[in-house]
Amino acid sequence: MSILLCFLFLASGILANASKNGGLAMYEIRKGDFSLKVTNYGARIASLVLPDKHGKLGDVVLGYDTAEEYKNDTGHFGSVVGRVANRIAGAKFTLNGTVYKLEANEGKNMLHGGSKGFSQVVWKVKRHVKYGRSPYITLTYHSVDGEEGFPGSVLASVTYALVAPYTLVVKMRAKALNKATPINLAQHAYWNLGGHNSGSILSDSLQIFASHITPVDQQLIPTGEIASVKKTPYDFLKPRVIKGPIKDLPKGSRGYDINYVVDDYKGLKMKPVAVVYNKKTGRVMKLSANAPGVQLYTGNFIDNVKGKGGFVYQSHAALCLETQGFPDAVNQPSFPSVIVNPGQIYDHRMVFVFTTKK
């Protein structure tokens, strides 16, 4: 009886907290000294805590202390972005003979689904298992027909699970309910393996299993070309410390913000995507996914953002590795399609394996 009362007390506390904050709340899942916090605002990863090579625990995700603070975030910290991640040229596309005009929220283009994209709405917590062998949380969102200009209704879900020692699994699924529509979801966590409050990631080593990129124009819209990374600052086929090649990027560039074409991406099989290593802490993050692309973003536009514990984040305070369909695929016939027809299931999976080396 006491266990039941304790559970009811904890559940009522979460609900009361959510009620006070307009439905916003933080949720935790924990497996030993490995823990993840998620907010239902944008289904965001708010923190991920794990040990370094000395056993010292640290939070490796940039973010905020409270769910409420994410409402003022402009960098999509930790969020699920959609209905279509990344950029759509001219904020429009044609599908089955119909031109769909979308909300332009970055100049004349759409970025990450518009100002009311999936990252800016409250998701419903469907299941939450805080402890156990494989603790997890599943959140869902129903996007209505016409939202931000997109056709058809979509039911989307994301599950975060802690499995095995220090392994985070992310499963995104979405179903087109009544019309064909583009769906391209991405997880926009800002990673810093040195700790969220450790400063720049430019001394980290990075490897990306991608021999090509999709070059972009001045507005960061893909040109349609698939270009080799060989003998360019985009070549991370072998591990490289980021601060070396970043200096050789085109003049005026603040850092990396480019889609990589993952090697052997065809089909839905899981493939190695990237490895990040922080020498000081010894933490290593290995990312695998079943998406054709991955956006490398080095936090170029972070500028005096007050985050967790009052720490102020600056440019290059983290990097994002957003597995995804190619940017502007709706307007690029040569890119893999992101169109999902009624009855079809969009399935996007990521596995983050964390280890340490001395």
# chains A, B, ... in the order shown; residues from 1 in each chain; ligands from 1
$ residues_around --residues "Asp257 in chain A" --least-positions-apart "4" --cutoff "12 Å" --atoms "only C-alpha atoms" --output "PyMOL selection string"
chain A and resi 86-87+213-222+234+246+249-250+253+294-301+316+319-322+327
$ write_last_selection --atoms "N, CA, C and O atoms" --output "CSV table (one decimal), in the first residue's frame"
chain,number,residue,atom,x,y,z
A,86,ASN,N,15.4,21.0,-41.3
A,86,ASN,CA,16.2,21.8,-42.2
A,86,ASN,C,15.5,22.7,-43.1
A,86,ASN,O,14.3,23.1,-42.8
A,87,ARG,N,16.0,23.1,-44.2
A,87,ARG,CA,15.5,24.2,-45.0
A,87,ARG,C,14.7,23.7,-46.2
A,87,ARG,O,15.0,22.7,-46.9
A,213,ILE,N,29.0,15.5,-49.5
A,213,ILE,CA,28.1,16.5,-48.9
A,213,ILE,C,27.2,17.0,-50.0
A,213,ILE,O,27.4,16.8,-51.2
A,214,THR,N,26.1,17.7,-49.5
A,214,THR,CA,25.2,18.4,-50.5
A,214,THR,C,25.6,19.9,-50.4
A,214,THR,O,25.1,20.6,-49.4
A,215,PRO,N,26.4,20.4,-51.3
A,215,PRO,CA,26.8,21.9,-51.2
A,215,PRO,C,25.6,22.8,-51.2
A,215,PRO,O,24.5,22.5,-51.7
A,216,VAL,N,25.8,24.0,-50.6
A,216,VAL,CA,24.7,24.9,-50.5
A,216,VAL,C,25.1,26.3,-51.0
A,216,VAL,O,26.2,26.6,-51.2
A,217,ASP,N,24.0,27.1,-51.3
A,217,ASP,CA,24.2,28.5,-51.7
A,217,ASP,C,24.4,29.4,-50.5
A,217,ASP,O,24.5,28.9,-49.4
A,218,GLN,N,24.3,30.7,-50.8
A,218,GLN,CA,24.5,31.7,-49.7
A,218,GLN,C,23.4,31.6,-48.6
A,218,GLN,O,23.6,32.0,-47.5
A,219,GLN,N,22.2,31.1,-49.0
A,219,GLN,CA,21.1,31.0,-48.1
A,219,GLN,C,21.1,29.6,-47.4
A,219,GLN,O,20.1,29.2,-46.8
A,220,LEU,N,22.1,28.8,-47.6
A,220,LEU,CA,22.2,27.4,-47.1
A,220,LEU,C,21.2,26.5,-47.7
A,220,LEU,O,20.8,25.5,-47.0
A,221,ILE,N,20.8,26.8,-48.9
A,221,ILE,CA,19.9,25.9,-49.7
A,221,ILE,C,20.8,25.0,-50.6
A,221,ILE,O,21.6,25.5,-51.3
A,222,PRO,N,20.6,23.7,-50.6
A,222,PRO,CA,21.3,22.8,-51.4
A,222,PRO,C,21.2,23.2,-52.9
A,222,PRO,O,20.2,23.6,-53.4
A,234,TYR,N,35.8,19.7,-45.3
A,234,TYR,CA,34.6,18.8,-44.9
A,234,TYR,C,35.0,17.4,-44.8
A,234,TYR,O,34.1,16.6,-44.4
A,246,ILE,N,38.2,23.6,-39.6
A,246,ILE,CA,37.2,24.7,-39.6
A,246,ILE,C,37.8,26.0,-40.0
A,246,ILE,O,37.1,26.9,-40.6
A,249,LEU,N,37.4,26.7,-43.9
A,249,LEU,CA,36.0,26.9,-44.5
A,249,LEU,C,36.0,28.1,-45.4
A,249,LEU,O,36.8,29.1,-45.1
A,250,PRO,N,35.0,28.2,-46.3
A,250,PRO,CA,34.9,29.4,-47.1
A,250,PRO,C,34.8,30.7,-46.3
A,250,PRO,O,34.3,30.7,-45.2
A,253,SER,N,32.2,32.1,-43.4
A,253,SER,CA,31.6,31.0,-42.6
A,253,SER,C,32.0,31.1,-41.2
A,253,SER,O,33.1,31.3,-40.8
A,294,VAL,N,23.2,13.5,-42.6
A,294,VAL,CA,23.5,14.0,-41.2
A,294,VAL,C,24.0,15.4,-41.3
A,294,VAL,O,24.9,15.7,-42.1
A,295,GLN,N,23.3,16.3,-40.6
A,295,GLN,CA,23.7,17.7,-40.6
A,295,GLN,C,24.7,17.9,-39.5
A,295,GLN,O,24.4,17.7,-38.3
A,296,LEU,N,25.9,18.4,-39.9
A,296,LEU,CA,26.9,18.8,-38.9
A,296,LEU,C,26.7,20.3,-38.7
A,296,LEU,O,26.9,21.1,-39.6
A,297,TYR,N,26.5,20.7,-37.5
A,297,TYR,CA,26.3,22.1,-37.1
A,297,TYR,C,27.2,22.3,-35.8
A,297,TYR,O,27.0,21.6,-34.8
A,298,THR,N,28.0,23.3,-35.9
A,298,THR,CA,29.0,23.6,-34.8
A,298,THR,C,28.5,24.7,-33.9
A,298,THR,O,29.4,25.4,-33.4
A,299,GLY,N,27.2,24.9,-33.8
A,299,GLY,CA,26.7,26.0,-32.8
A,299,GLY,C,27.2,27.3,-33.2
A,299,GLY,O,27.5,28.1,-32.3
A,300,ASN,N,27.3,27.6,-34.5
A,300,ASN,CA,27.9,28.9,-34.9
A,300,ASN,C,27.2,30.2,-34.4
A,300,ASN,O,27.8,31.2,-34.3
A,301,PHE,N,25.8,30.1,-34.2
A,301,PHE,CA,25.1,31.3,-33.9
A,301,PHE,C,24.7,31.3,-32.4
A,301,PHE,O,23.8,32.1,-32.0
A,316,HIS,N,30.2,27.8,-30.8
A,316,HIS,CA,31.0,26.6,-30.8
A,316,HIS,C,31.0,25.9,-29.4
A,316,HIS,O,31.9,25.1,-29.1
A,319,LEU,N,28.2,20.8,-30.6
A,319,LEU,CA,28.0,20.4,-32.0
A,319,LEU,C,26.7,19.6,-32.1
A,319,LEU,O,26.3,18.9,-31.1
A,320,CYS,N,26.1,19.7,-33.3
A,320,CYS,CA,24.9,18.9,-33.5
A,320,CYS,C,25.2,17.9,-34.6
A,320,CYS,O,25.9,18.3,-35.6
A,321,LEU,N,24.7,16.7,-34.5
A,321,LEU,CA,24.8,15.7,-35.6
A,321,LEU,C,23.3,15.2,-35.8
A,321,LEU,O,22.9,14.3,-35.2
A,322,GLU,N,22.7,15.9,-36.7
A,322,GLU,CA,21.2,15.7,-36.9
A,322,GLU,C,21.0,14.7,-38.1
A,322,GLU,O,21.1,15.1,-39.3
A,327,PRO,N,18.3,18.1,-47.0
A,327,PRO,CA,17.6,19.4,-46.9
A,327,PRO,C,17.0,19.7,-48.3
A,327,PRO,O,17.5,19.4,-49.4
$ select_by_dssp --residues "range 157-327 of chain A" --states "helix (DSSP H, G or I)" --output "MDAnalysis selection string"
chainID A and resid 245:248 308:310
$ select_by_dssp --residues "range 144-202 of chain A" --states "strand (DSSP E)" --output "NGL selection string"
:A and (154-163 or 167-176 or 181-182 or 186-187)
$ closest_residue --among "A:Lys126, A:Arg349, A:Lys179, A:Arg283" --to "Val49 in chain A" --atoms "only C-alpha atoms"
A:Arg283
$ residues_around --residues "Lys56 in chain A" --least-positions-apart "6" --cutoff "12 Å" --atoms "only C-alpha atoms" --output "list in words"
Asp33, Phe34, Val49, Leu50, Gly194, Gly195, Thr281, Gly282, Arg283 and Thr356 of chain A
$ residues_around --residues "Phe93 in chain A" --least-positions-apart "3" --cutoff "10 Å" --atoms "only C-alpha atoms" --output "PyMOL selection string"
chain A and resi 88-90+97-102+150+182+328-332
